[in-house]
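So this one's work-v7.cif, mmCIF, C-alpha atoms; chains and numbers go by the auth columns:
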```
data_run
#
loop_
_atom_site.group_PDB
_atom_site.id
_atom_site.type_symbol
_atom_site.label_atom_id
_atom_site.label_comp_id
_atom_site.label_asym_id
_atom_site.label_seq_id
_atom_site.Cartn_x
_atom_site.Cartn_y
_atom_site.Cartn_z
_atom_site.B_iso_or_equiv
_atom_site.auth_seq_id
_atom_site.auth_asym_id
ATOM 1 C CA GLU A 1 114.308 137.063 186.667 0.00 1 A
ATOM 2 C CA VAL A 2 115.662 140.526 187.387 0.00 2 A
ATOM 3 C CA LEU A 3 118.404 141.829 185.073 0.00 3 A
ATOM 4 C CA GLY A 4 118.994 145.091 186.900 0.00 4 A
ATOM 5 C CA LYS A 5 117.361 147.939 188.788 0.00 5 A
ATOM 6 C CA ILE A 6 117.192 151.682 188.164 0.00 6 A
ATOM 7 C CA SER A 7 116.319 154.327 190.736 0.00 7 A
ATOM 8 C CA ILE A 8 116.490 157.743 189.131 0.00 8 A
ATOM 9 C CA MET A 9 115.263 161.013 190.555 0.00 9 A
ATOM 10 C CA ARG A 10 114.911 164.675 189.778 0.00 10 A
ATOM 11 C CA HIS A 11 117.373 166.820 191.725 0.00 11 A
ATOM 12 C CA GLY A 12 116.215 168.497 194.930 0.00 12 A
ATOM 13 C CA ALA A 13 114.626 171.938 195.216 0.00 13 A
ATOM 14 C CA THR A 14 116.899 174.681 193.922 0.00 14 A
ATOM 15 C CA GLU A 15 117.140 178.397 193.205 0.00 15 A
ATOM 16 C CA TYR A 16 119.022 177.580 189.961 0.00 16 A
ATOM 17 C CA THR A 17 122.131 179.529 191.000 0.00 17 A
ATOM 18 C CA GLU A 18 124.422 177.128 189.093 0.00 18 A
ATOM 19 C CA GLN A 19 126.720 177.257 192.132 0.00 19 A
ATOM 20 C CA TYR A 20 127.454 173.850 193.690 0.00 20 A
ATOM 21 C CA PRO A 21 125.588 172.274 195.445 0.00 21 A
ATOM 22 C CA ASP A 22 122.765 174.542 194.195 0.00 22 A
ATOM 23 C CA LEU A 23 120.163 173.147 196.608 0.00 23 A
ATOM 24 C CA THR A 24 117.922 174.993 199.027 0.00 24 A
ATOM 25 C CA ASP A 25 117.624 173.763 202.617 0.00 25 A
ATOM 26 C CA LEU A 26 114.376 172.112 201.559 0.00 26 A
ATOM 27 C CA GLY A 27 116.139 170.504 198.611 0.00 27 A
ATOM 28 C CA VAL A 28 118.785 169.011 200.888 0.00 28 A
ATOM 29 C CA GLU A 29 116.107 167.520 203.141 0.00 29 A
ATOM 30 C CA GLN A 30 114.108 166.202 200.174 0.00 30 A
ATOM 31 C CA VAL A 31 117.095 164.363 198.737 0.00 31 A
ATOM 32 C CA ARG A 32 118.243 163.067 202.118 0.00 32 A
ATOM 33 C CA ALA A 33 114.772 161.615 202.771 0.00 33 A
ATOM 34 C CA GLN A 34 114.788 159.861 199.383 0.00 34 A
ATOM 35 C CA ALA A 35 118.303 158.554 199.988 0.00 35 A
ATOM 36 C CA ARG A 36 117.358 157.100 203.364 0.00 36 A
ATOM 37 C CA ASN A 37 114.292 155.470 201.878 0.00 37 A
ATOM 38 C CA LEU A 38 116.420 154.022 199.086 0.00 38 A
ATOM 39 C CA LYS A 39 118.980 152.705 201.548 0.00 39 A
ATOM 40 C CA GLU A 40 116.261 150.684 203.276 0.00 40 A
ATOM 41 C CA LYS A 41 115.334 149.057 199.967 0.00 41 A
ATOM 42 C CA ILE A 42 118.819 148.084 198.809 0.00 42 A
ATOM 43 C CA ASP A 43 120.148 144.777 200.112 0.00 43 A
ATOM 44 C CA PRO A 44 123.967 145.014 199.802 0.00 44 A
ATOM 45 C CA GLU A 45 124.195 141.214 199.937 0.00 45 A
ATOM 46 C CA LYS A 46 122.173 140.945 196.731 0.00 46 A
ATOM 47 C CA GLU A 47 122.663 144.279 194.949 0.00 47 A
ATOM 48 C CA ASP A 48 125.575 146.473 193.897 0.00 48 A
ATOM 49 C CA ALA A 49 124.630 150.151 193.690 0.00 49 A
ATOM 50 C CA PHE A 50 126.260 152.577 191.250 0.00 50 A
ATOM 51 C CA ILE A 51 125.570 156.294 191.632 0.00 51 A
ATOM 52 C CA ALA A 52 125.721 158.887 188.856 0.00 52 A
ATOM 53 C CA SER A 53 124.371 162.342 188.091 0.00 53 A
ATOM 54 C CA SER A 54 124.146 164.848 185.306 0.00 54 A
ATOM 55 C CA PRO A 55 126.948 167.450 185.223 0.00 55 A
ATOM 56 C CA SER A 56 124.776 170.255 186.651 0.00 56 A
ATOM 57 C CA PRO A 57 125.651 171.528 190.169 0.00 57 A
ATOM 58 C CA ARG A 58 122.157 170.767 191.551 0.00 58 A
ATOM 59 C CA ALA A 59 122.300 167.186 190.279 0.00 59 A
ATOM 60 C CA ARG A 60 125.851 166.657 191.561 0.00 60 A
ATOM 61 C CA GLY A 61 124.896 168.170 194.919 0.00 61 A
ATOM 62 C CA SER A 62 121.944 165.789 195.164 0.00 62 A
ATOM 63 C CA ALA A 63 124.076 162.798 194.162 0.00 63 A
ATOM 64 C CA GLU A 64 126.634 163.599 196.853 0.00 64 A
ATOM 65 C CA ILE A 65 123.916 163.417 199.512 0.00 65 A
ATOM 66 C CA ILE A 66 122.832 160.028 198.157 0.00 66 A
ATOM 67 C CA ARG A 67 126.437 158.820 198.031 0.00 67 A
ATOM 68 C CA ALA A 68 126.960 159.756 201.676 0.00 68 A
ATOM 69 C CA GLU A 69 123.729 158.113 202.841 0.00 69 A
ATOM 70 C CA LEU A 70 124.463 154.906 200.914 0.00 70 A
ATOM 71 C CA GLU A 71 128.092 154.988 202.088 0.00 71 A
ATOM 72 C CA ALA A 72 129.253 154.560 198.496 0.00 72 A
ATOM 73 C CA THR A 73 132.768 155.322 197.342 0.00 73 A
ATOM 74 C CA GLU A 74 131.867 157.667 194.496 0.00 74 A
ATOM 75 C CA ALA A 75 129.155 159.364 192.468 0.00 75 A
ATOM 76 C CA LYS A 76 130.106 159.608 188.816 0.00 76 A
ATOM 77 C CA VAL A 77 129.118 162.375 186.424 0.00 77 A
ATOM 78 C CA MET A 78 127.372 161.229 183.243 0.00 78 A
ATOM 79 C CA LYS A 79 126.862 163.735 180.458 0.00 79 A
ATOM 80 C CA GLY A 80 124.287 161.430 178.864 0.00 80 A
ATOM 81 C CA ILE A 81 121.715 162.108 181.611 0.00 81 A
ATOM 82 C CA ARG A 82 122.007 165.901 181.411 0.00 82 A
ATOM 83 C CA GLY A 83 119.007 168.189 181.084 0.00 83 A
ATOM 84 C CA VAL A 84 117.844 170.190 178.079 0.00 84 A
ATOM 85 C CA GLU A 85 120.442 172.222 176.208 0.00 85 A
ATOM 86 C CA ILE A 86 119.727 175.959 176.213 0.00 86 A
ATOM 87 C CA ARG A 87 120.754 177.468 172.870 0.00 87 A
ATOM 88 C CA ASN A 88 119.767 181.080 173.518 0.00 88 A
ATOM 89 C CA ARG A 89 119.984 181.892 177.208 0.00 89 A
ATOM 90 C CA GLU A 90 118.488 185.380 176.949 0.00 90 A
ATOM 91 C CA GLU A 91 115.405 184.187 175.096 0.00 91 A
ATOM 92 C CA ALA A 92 115.105 181.117 177.330 0.00 92 A
ATOM 93 C CA LEU A 93 115.133 183.242 180.500 0.00 93 A
ATOM 94 C CA LYS A 94 112.488 185.525 179.013 0.00 94 A
ATOM 95 C CA MET A 95 110.257 182.537 178.259 0.00 95 A
ATOM 96 C CA VAL A 96 110.779 181.117 181.748 0.00 96 A
ATOM 97 C CA HIS A 97 109.977 184.428 183.459 0.00 97 A
ATOM 98 C CA ASP A 98 106.819 184.837 181.389 0.00 98 A
ATOM 99 C CA ILE A 99 105.686 181.328 182.356 0.00 99 A
ATOM 100 C CA ILE A 100 106.474 181.276 186.090 0.00 100 A
ATOM 101 C CA GLY A 101 105.313 184.842 186.734 0.00 101 A
ATOM 102 C CA PRO A 102 106.253 187.047 189.683 0.00 102 A
ATOM 103 C CA GLU A 103 105.403 184.263 192.125 0.00 103 A
ATOM 104 C CA ARG A 104 108.159 182.118 190.513 0.00 104 A
ATOM 105 C CA ASP A 105 105.923 179.057 190.363 0.00 105 A
ATOM 106 C CA VAL A 106 108.189 176.266 189.088 0.00 106 A
ATOM 107 C CA LYS A 107 105.223 173.922 188.602 0.00 107 A
ATOM 108 C CA LYS A 108 103.939 176.240 185.870 0.00 108 A
ATOM 109 C CA MET A 109 107.249 175.773 184.087 0.00 109 A
ATOM 110 C CA ASP A 110 107.046 172.006 184.518 0.00 110 A
ATOM 111 C CA LYS A 111 103.584 171.865 182.962 0.00 111 A
ATOM 112 C CA ALA A 112 104.597 174.179 180.132 0.00 112 A
ATOM 113 C CA TYR A 113 107.663 172.100 179.294 0.00 113 A
ATOM 114 C CA ALA A 114 105.631 168.881 179.355 0.00 114 A
ATOM 115 C CA HIS A 115 102.755 170.112 177.176 0.00 115 A
ATOM 116 C CA ASP A 116 103.669 173.329 175.290 0.00 116 A
ATOM 117 C CA SER A 117 104.801 172.799 171.684 0.00 117 A
ATOM 118 C CA ALA A 118 107.230 175.726 172.001 0.00 118 A
ATOM 119 C CA PHE A 119 109.661 173.394 173.757 0.00 119 A
ATOM 120 C CA GLU A 120 109.713 171.236 170.658 0.00 120 A
ATOM 121 C CA ASP A 121 109.481 173.931 168.002 0.00 121 A
ATOM 122 C CA ARG A 122 111.668 176.780 169.316 0.00 122 A
ATOM 123 C CA VAL A 123 114.883 175.068 168.272 0.00 123 A
ATOM 124 C CA ASP A 124 116.660 178.422 168.245 0.00 124 A
ATOM 125 C CA VAL A 125 116.164 178.614 172.013 0.00 125 A
ATOM 126 C CA TRP A 126 115.939 175.040 173.292 0.00 126 A
ATOM 127 C CA GLU A 127 117.133 171.619 172.310 0.00 127 A
ATOM 128 C CA PRO A 128 113.926 169.976 171.014 0.00 128 A
ATOM 129 C CA ARG A 129 112.037 168.047 173.680 0.00 129 A
ATOM 130 C CA SER A 130 112.097 164.952 171.449 0.00 130 A
ATOM 131 C CA ASN A 131 115.911 165.046 171.380 0.00 131 A
ATOM 132 C CA VAL A 132 116.061 164.915 175.168 0.00 132 A
ATOM 133 C CA GLU A 133 113.688 161.952 175.154 0.00 133 A
ATOM 134 C CA LYS A 134 115.898 160.180 172.591 0.00 134 A
ATOM 135 C CA ARG A 135 118.873 160.645 174.891 0.00 135 A
ATOM 136 C CA PHE A 136 116.897 159.038 177.694 0.00 136 A
ATOM 137 C CA PHE A 137 116.248 155.924 175.631 0.00 137 A
ATOM 138 C CA GLN A 138 119.823 155.802 174.361 0.00 138 A
ATOM 139 C CA GLY A 139 120.902 155.821 177.998 0.00 139 A
ATOM 140 C CA PHE A 140 118.379 153.121 178.812 0.00 140 A
ATOM 141 C CA GLU A 141 119.768 150.886 176.068 0.00 141 A
ATOM 142 C CA HIS A 142 123.269 151.502 177.425 0.00 142 A
ATOM 143 C CA LEU A 143 122.122 150.388 180.877 0.00 143 A
ATOM 144 C CA VAL A 144 120.509 147.213 179.508 0.00 144 A
ATOM 145 C CA ARG A 145 123.805 146.286 177.850 0.00 145 A
ATOM 146 C CA SER A 146 125.781 147.182 180.972 0.00 146 A
ATOM 147 C CA PHE A 147 123.478 145.108 183.167 0.00 147 A
ATOM 148 C CA ARG A 148 123.970 142.080 180.886 0.00 148 A
ATOM 149 C CA LYS A 149 127.749 142.391 180.985 0.00 149 A
ATOM 150 C CA TYR A 150 127.717 142.834 184.743 0.00 150 A
ATOM 151 C CA ARG A 151 125.563 139.748 185.333 0.00 151 A
ATOM 152 C CA GLU A 152 127.898 137.639 183.170 0.00 152 A
ATOM 153 C CA THR A 153 130.749 138.214 185.631 0.00 153 A
ATOM 154 C CA ASN A 154 128.640 138.727 188.784 0.00 154 A
ATOM 155 C CA PRO A 155 125.725 136.291 188.483 0.00 155 A
ATOM 156 C CA GLN A 156 124.936 136.457 192.203 0.00 156 A
ATOM 157 C CA LYS A 157 124.508 140.236 192.316 0.00 157 A
ATOM 158 C CA ILE A 158 121.923 142.562 190.768 0.00 158 A
ATOM 159 C CA PRO A 159 123.331 145.860 189.445 0.00 159 A
ATOM 160 C CA HIS A 160 121.377 148.863 190.717 0.00 160 A
ATOM 161 C CA PHE A 161 121.852 152.177 188.912 0.00 161 A
ATOM 162 C CA VAL A 162 121.042 155.183 191.104 0.00 162 A
ATOM 163 C CA GLY A 163 120.853 158.400 189.096 0.00 163 A
ATOM 164 C CA VAL A 164 120.082 162.087 189.530 0.00 164 A
ATOM 165 C CA SER A 165 118.849 163.993 186.509 0.00 165 A
ATOM 166 C CA HIS A 166 116.308 166.630 185.500 0.00 166 A
ATOM 167 C CA PHE A 167 112.611 167.136 184.882 0.00 167 A
ATOM 168 C CA GLU A 168 112.965 167.248 181.111 0.00 168 A
ATOM 169 C CA PHE A 169 115.008 164.032 181.028 0.00 169 A
ATOM 170 C CA LEU A 170 112.569 162.005 183.142 0.00 170 A
ATOM 171 C CA ASN A 171 109.061 163.419 183.069 0.00 171 A
ATOM 172 C CA HIS A 172 108.107 162.068 179.629 0.00 172 A
ATOM 173 C CA LEU A 173 108.487 158.526 180.982 0.00 173 A
ATOM 174 C CA VAL A 174 106.036 158.952 183.873 0.00 174 A
ATOM 175 C CA LYS A 175 103.808 161.223 181.783 0.00 175 A
ATOM 176 C CA LYS A 176 103.261 158.457 179.239 0.00 176 A
ATOM 177 C CA THR A 177 103.318 155.485 181.595 0.00 177 A
ATOM 178 C CA PHE A 178 100.978 156.965 184.208 0.00 178 A
ATOM 179 C CA ASP A 179 98.983 159.250 181.896 0.00 179 A
ATOM 180 C CA LEU A 180 99.829 162.560 183.579 0.00 180 A
ATOM 181 C CA GLY A 181 97.589 165.185 181.985 0.00 181 A
ATOM 182 C CA PRO A 182 98.070 168.980 181.980 0.00 182 A
ATOM 183 C CA GLU A 183 96.172 169.357 185.264 0.00 183 A
ATOM 184 C CA THR A 184 98.152 166.651 187.053 0.00 184 A
ATOM 185 C CA ASP A 185 101.282 167.393 189.063 0.00 185 A
ATOM 186 C CA GLN A 186 104.263 166.528 186.902 0.00 186 A
ATOM 187 C CA LEU A 187 107.534 165.126 188.303 0.00 187 A
ATOM 188 C CA ASN A 188 108.354 167.158 191.425 0.00 188 A
ATOM 189 C CA PHE A 189 111.717 168.048 192.938 0.00 189 A
ATOM 190 C CA ALA A 190 113.436 164.939 194.357 0.00 190 A
ATOM 191 C CA GLU A 191 110.716 162.550 193.177 0.00 191 A
ATOM 192 C CA MET A 192 112.036 159.100 192.375 0.00 192 A
ATOM 193 C CA VAL A 193 111.177 156.808 189.486 0.00 193 A
ATOM 194 C CA GLU A 194 112.035 153.162 190.167 0.00 194 A
ATOM 195 C CA MET A 195 112.443 150.576 187.440 0.00 195 A
ATOM 196 C CA THR A 196 113.054 146.845 187.527 0.00 196 A
ATOM 197 C CA VAL A 197 114.467 145.568 184.245 0.00 197 A
ATOM 198 C CA LEU A 198 113.589 141.924 183.617 0.00 198 A
ATOM 199 C CA GLN A 199 115.651 139.301 181.830 0.00 199 A
ATOM 200 C CA THR A 200 115.033 138.445 178.193 0.00 200 A
ATOM 201 C CA ARG A 201 116.868 136.046 175.908 0.00 201 A
ATOM 202 C CA GLU A 202 120.253 137.253 174.657 0.00 202 A
ATOM 203 C CA GLY A 203 119.726 139.679 171.793 0.00 203 A
ATOM 204 C CA GLY A 204 115.993 139.914 172.491 0.00 204 A
ATOM 205 C CA ARG A 205 114.366 143.023 171.051 0.00 205 A
ATOM 206 C CA HIS A 206 111.682 143.614 173.683 0.00 206 A
ATOM 207 C CA VAL A 207 112.661 144.206 177.307 0.00 207 A
ATOM 208 C CA PRO A 208 109.940 144.131 179.985 0.00 208 A
ATOM 209 C CA VAL A 209 110.307 146.784 182.674 0.00 209 A
ATOM 210 C CA LEU A 210 108.317 147.398 185.854 0.00 210 A
ATOM 211 C CA VAL A 211 108.023 151.137 186.531 0.00 211 A
ATOM 212 C CA SER A 212 107.010 152.404 189.982 0.00 212 A
ATOM 213 C CA PHE A 213 105.974 155.996 190.676 0.00 213 A
ATOM 214 C CA ARG A 214 103.882 157.531 193.461 0.00 214 A
ATOM 215 C CA GLY A 215 102.965 154.139 194.850 0.00 215 A
ATOM 216 C CA GLU A 216 101.747 152.708 191.545 0.00 216 A
ATOM 217 C CA THR A 217 103.538 150.117 189.398 0.00 217 A
ATOM 218 C CA LYS A 218 102.994 149.475 185.696 0.00 218 A
ATOM 219 C CA GLU A 219 104.720 147.235 183.188 0.00 219 A
ATOM 220 C CA ILE A 220 106.149 148.728 180.034 0.00 220 A
ATOM 221 C CA VAL A 221 108.047 147.147 177.166 0.00 221 A
ATOM 222 C CA PHE A 222 111.234 148.781 175.884 0.00 222 A
ATOM 223 C CA ASP A 223 111.819 148.194 172.180 0.00 223 A
ATOM 224 C CA ARG A 224 115.588 148.102 171.670 0.00 224 A
ATOM 225 C CA ASN A 225 115.296 148.599 167.904 0.00 225 A
ATOM 226 C CA THR A 226 113.072 151.675 167.898 0.00 226 A
ATOM 227 C CA ARG A 227 114.306 152.952 171.289 0.00 227 A
ATOM 228 C CA SER A 228 110.761 153.509 172.483 0.00 228 A
ATOM 229 C CA ILE A 229 108.330 152.149 175.040 0.00 229 A
ATOM 230 C CA GLU A 230 104.812 150.739 174.973 0.00 230 A
ATOM 231 C CA ILE A 231 102.550 150.155 177.916 0.00 231 A
ATOM 232 C CA ALA A 232 102.116 146.405 178.429 0.00 232 A
ATOM 233 C CA ARG A 233 98.593 145.107 178.110 0.00 233 A
ATOM 234 C CA GLU A 234 96.980 144.275 181.412 0.00 234 A
ATOM 235 C CA GLN A 235 95.995 140.643 181.823 0.00 235 A
ATOM 236 C CA GLU A 236 92.225 140.146 181.908 0.00 236 A
#
```

I'd like the structure from this file rewritten - as structure tokens, please.
Amino acid sequence: EVLGKISIMRHGATEYTEQYPDLTDLGVEQVRAQARNLKEKIDPEKEDAFIASSPSPRARGSAEIIRAELEATEAKVMKGIRGVEIRNREEALKMVHDIIGPERDVKKMDKAYAHDSAFEDRVDVWEPRSNVEKRFFQGFEHLVRSFRKYRETNPQKIPHFVGVSHFEFLNHLVKKTFDLGPETDQLNFAEMVEMTVLQTREGGRHVPVLVSFRGETKEIVFDRNTRSIEIAREQE
């Protein structure tokens, strides 16, 4: 039985101006296309959708497009799903410029963040990558608890969390689950990760989750004690 659903995406394409809505024309179209696709999947008779984003302008701008397409009343801001904290902006910008080069290739930055140890070790410049991942799993545990409480009072409806966050908050999940190596495209602008959280007994430690990404679905198990995931063994 389904406990709840999560549809969470990276914000749309941006020039990183930090000025709301901080989306390019392409970014607006990317998010709108995802929102329309999501709207087709959500059955309002069976699901209640809740929309939230990180505090950044590009995430809030993306969430507003989703809110309008889903005809929802609001899109909340959740600090817990924010991106990486920059501790030394001057040094961070220097690193970014060195990585993306004159062609400003954002995918180079994505791959560097996902695989370069500097984003774990340069704690003077960046919040450690592992800290961001911990925040993801803390948020996941919060959603599991929220889904349980919601189902107690609304047993006929499935809560559906729709979120907009950042590459660094989400990519580790698909990287591990779908084995994205250094030469594979990492999580792109406006790409969606969909999760179906399944019921377990009250207080159960292990929560089975179906994760869908790029047309492929895998089962993972979320350990509520260690706040970590393992890939479920495939049945022979």

Sorted by chain and rising residue number, list the residues of segment 113-208 of chain A at most 9 Å from segment 56-72 of chain A (counting all atoms listed in the file), each with its closest atom pair and distance in Å to one decimal, as CSV.
```
residue,atom,partner,partner_atom,distance
A:Val162,CA,A:Ile66,CA,8.7
A:Gly163,CA,A:Ala63,CA,7.4
A:Val164,CA,A:Ala59,CA,5.6
A:Ser165,CA,A:Ala59,CA,6.0
A:His166,CA,A:Ala59,CA,7.7
A:Ala190,CA,A:Ser62,CA,8.6
```

Checklist entry - For the file shown, what are the residues hit by the PyMOL selection byres ((chain A and resi 105-121) around 12), laid out as a ChimeraX atom specification? => result /A:10,13-16,84-87,92-93,95-104,122-133,166-176,179-189

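Residue nearest Val144 of chain A, chosen from A:Gly215, A:Gln156, A:Glu191, A:Lys5 and counting all atoms listed in the file: A:Lys5.
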
Item to check | From A:Glu219, A:Pro155, A:Ile81, A:Arg214, residue lying nearest Met192 of chain A [only C-alpha atoms] | outcome: A:Arg214

Next on the checklist: List the spatial neighbours of segment 148-151 of chain A as an MDAnalysis selection string - criterion: any atom at most 12 Å away, all atoms listed in the file, same-chain residues fewer than 4 positions off excluded.
Outcome noted: chainID A and resid 1:5 46:50 141:144 155:161 197:204

Next on the checklist: I need the residue nearest Ser54 of chain A from this list: A:Ser228, A:His11, A:Phe178, A:Arg145. Use all atoms listed in the file for the distance.
Outcome noted: A:His11

Checklist entry - What does the PyMOL selection byres ((chain A and resi 28-32) around 7) select in this file, as a list in words? => result Gly12, Leu23, Thr24, Asp25, Leu26, Gly27, Ala33, Gln34, Ala35, Arg36, Ser62, Ile65, Ile66 and Ala190 of chain A

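Here atom CA of Thr17 of chain A stands at a distance of 25.0 Å from atom CA of Phe136 of chain A.
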
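Note that atom CA of Phe147 of chain A and atom CA of Arg82 of chain A are 20.9 Å apart.
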
Next on the checklist: Can you spell out as a VMD selection string the set of residues that the PyMOL selection byres ((chain A and resi 226) around 12) selects in the structure I just provided?
Outcome noted: chain A and resid 134 137 to 138 141 205 to 206 221 to 225 227 to 230

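The spacing separating atom CA of Pro208 of chain A from atom CA of Ile8 of chain A amounts to 17.7 Å.
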
Expected file content for segment 117-125 of chain A, all heavy atoms, as an mmCIF file, in the first residue's frame:
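part22.cif was written with the following content:
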```cif
data_model
loop_
_atom_site.group_PDB
_atom_site.id
_atom_site.type_symbol
_atom_site.label_atom_id
_atom_site.label_comp_id
_atom_site.auth_asym_id
_atom_site.auth_seq_id
_atom_site.Cartn_x
_atom_site.Cartn_y
_atom_site.Cartn_z
ATOM 1 N N SER A 117 36.444 15.600 -5.020
ATOM 2 C CA SER A 117 36.545 15.612 -3.562
ATOM 3 C C SER A 117 36.646 17.024 -2.978
ATOM 4 O O SER A 117 36.422 17.218 -1.775
ATOM 5 C CB SER A 117 37.755 14.794 -3.111
ATOM 6 O OG SER A 117 38.956 15.361 -3.624
ATOM 7 N N ALA A 118 36.951 18.005 -3.819
ATOM 8 C CA ALA A 118 37.056 19.386 -3.322
ATOM 9 C C ALA A 118 35.740 19.855 -2.714
ATOM 10 O O ALA A 118 35.734 20.665 -1.773
ATOM 11 C CB ALA A 118 37.468 20.326 -4.456
ATOM 12 N N PHE A 119 34.628 19.321 -3.213
ATOM 13 C CA PHE A 119 33.324 19.757 -2.715
ATOM 14 C C PHE A 119 32.942 19.064 -1.402
ATOM 15 O O PHE A 119 31.914 19.371 -0.822
ATOM 16 C CB PHE A 119 32.254 19.554 -3.787
ATOM 17 C CG PHE A 119 32.462 20.466 -4.960
ATOM 18 C CD1 PHE A 119 33.180 20.044 -6.073
ATOM 19 C CD2 PHE A 119 31.992 21.767 -4.930
ATOM 20 C CE1 PHE A 119 33.405 20.897 -7.139
ATOM 21 C CE2 PHE A 119 32.211 22.626 -5.995
ATOM 22 C CZ PHE A 119 32.921 22.200 -7.101
ATOM 23 N N GLU A 120 33.809 18.182 -0.970
ATOM 24 C CA GLU A 120 33.689 17.610 0.371
ATOM 25 C C GLU A 120 34.751 18.206 1.300
ATOM 26 O O GLU A 120 34.484 18.475 2.471
ATOM 27 C CB GLU A 120 33.852 16.088 0.315
ATOM 28 C CG GLU A 120 33.782 15.386 1.664
ATOM 29 C CD GLU A 120 32.412 15.478 2.323
ATOM 30 O OE1 GLU A 120 31.403 15.693 1.619
ATOM 31 O OE2 GLU A 120 32.355 15.347 3.564
ATOM 32 N N ASP A 121 35.945 18.438 0.741
ATOM 33 C CA ASP A 121 37.086 18.791 1.569
ATOM 34 C C ASP A 121 37.293 20.291 1.764
ATOM 35 O O ASP A 121 37.835 20.711 2.789
ATOM 36 C CB ASP A 121 38.365 18.207 0.960
ATOM 37 C CG ASP A 121 38.300 16.697 0.832
ATOM 38 O OD1 ASP A 121 37.555 16.069 1.611
ATOM 39 O OD2 ASP A 121 38.988 16.141 -0.052
ATOM 40 N N ARG A 122 36.859 21.112 0.808
ATOM 41 C CA ARG A 122 37.091 22.559 0.915
ATOM 42 C C ARG A 122 36.007 23.189 1.783
ATOM 43 O O ARG A 122 35.172 23.965 1.320
ATOM 44 C CB ARG A 122 37.130 23.197 -0.477
ATOM 45 C CG ARG A 122 38.349 22.866 -1.307
ATOM 46 C CD ARG A 122 39.646 23.415 -0.725
ATOM 47 N NE ARG A 122 39.601 24.851 -0.457
ATOM 48 C CZ ARG A 122 39.875 25.787 -1.366
ATOM 49 N NH1 ARG A 122 40.219 25.447 -2.596
ATOM 50 N NH2 ARG A 122 39.826 27.069 -1.041
ATOM 51 N N VAL A 123 36.045 22.848 3.067
ATOM 52 C CA VAL A 123 34.990 23.302 3.980
ATOM 53 C C VAL A 123 35.067 24.802 4.249
ATOM 54 O O VAL A 123 34.128 25.395 4.783
ATOM 55 C CB VAL A 123 35.041 22.524 5.311
ATOM 56 C CG1 VAL A 123 34.758 21.057 5.077
ATOM 57 C CG2 VAL A 123 36.396 22.707 6.004
ATOM 58 N N ASP A 124 36.192 25.416 3.884
ATOM 59 C CA ASP A 124 36.300 26.864 4.014
ATOM 60 C C ASP A 124 35.505 27.584 2.934
ATOM 61 O O ASP A 124 35.165 28.764 3.079
ATOM 62 C CB ASP A 124 37.766 27.296 3.920
ATOM 63 C CG ASP A 124 38.433 26.826 2.631
ATOM 64 O OD1 ASP A 124 38.204 25.657 2.232
ATOM 65 O OD2 ASP A 124 39.175 27.613 2.018
ATOM 66 N N VAL A 125 35.194 26.865 1.860
ATOM 67 C CA VAL A 125 34.494 27.465 0.719
ATOM 68 C C VAL A 125 33.054 26.983 0.617
ATOM 69 O O VAL A 125 32.144 27.777 0.380
ATOM 70 C CB VAL A 125 35.241 27.147 -0.600
ATOM 71 C CG1 VAL A 125 34.525 27.797 -1.795
ATOM 72 C CG2 VAL A 125 36.687 27.622 -0.530
#
```
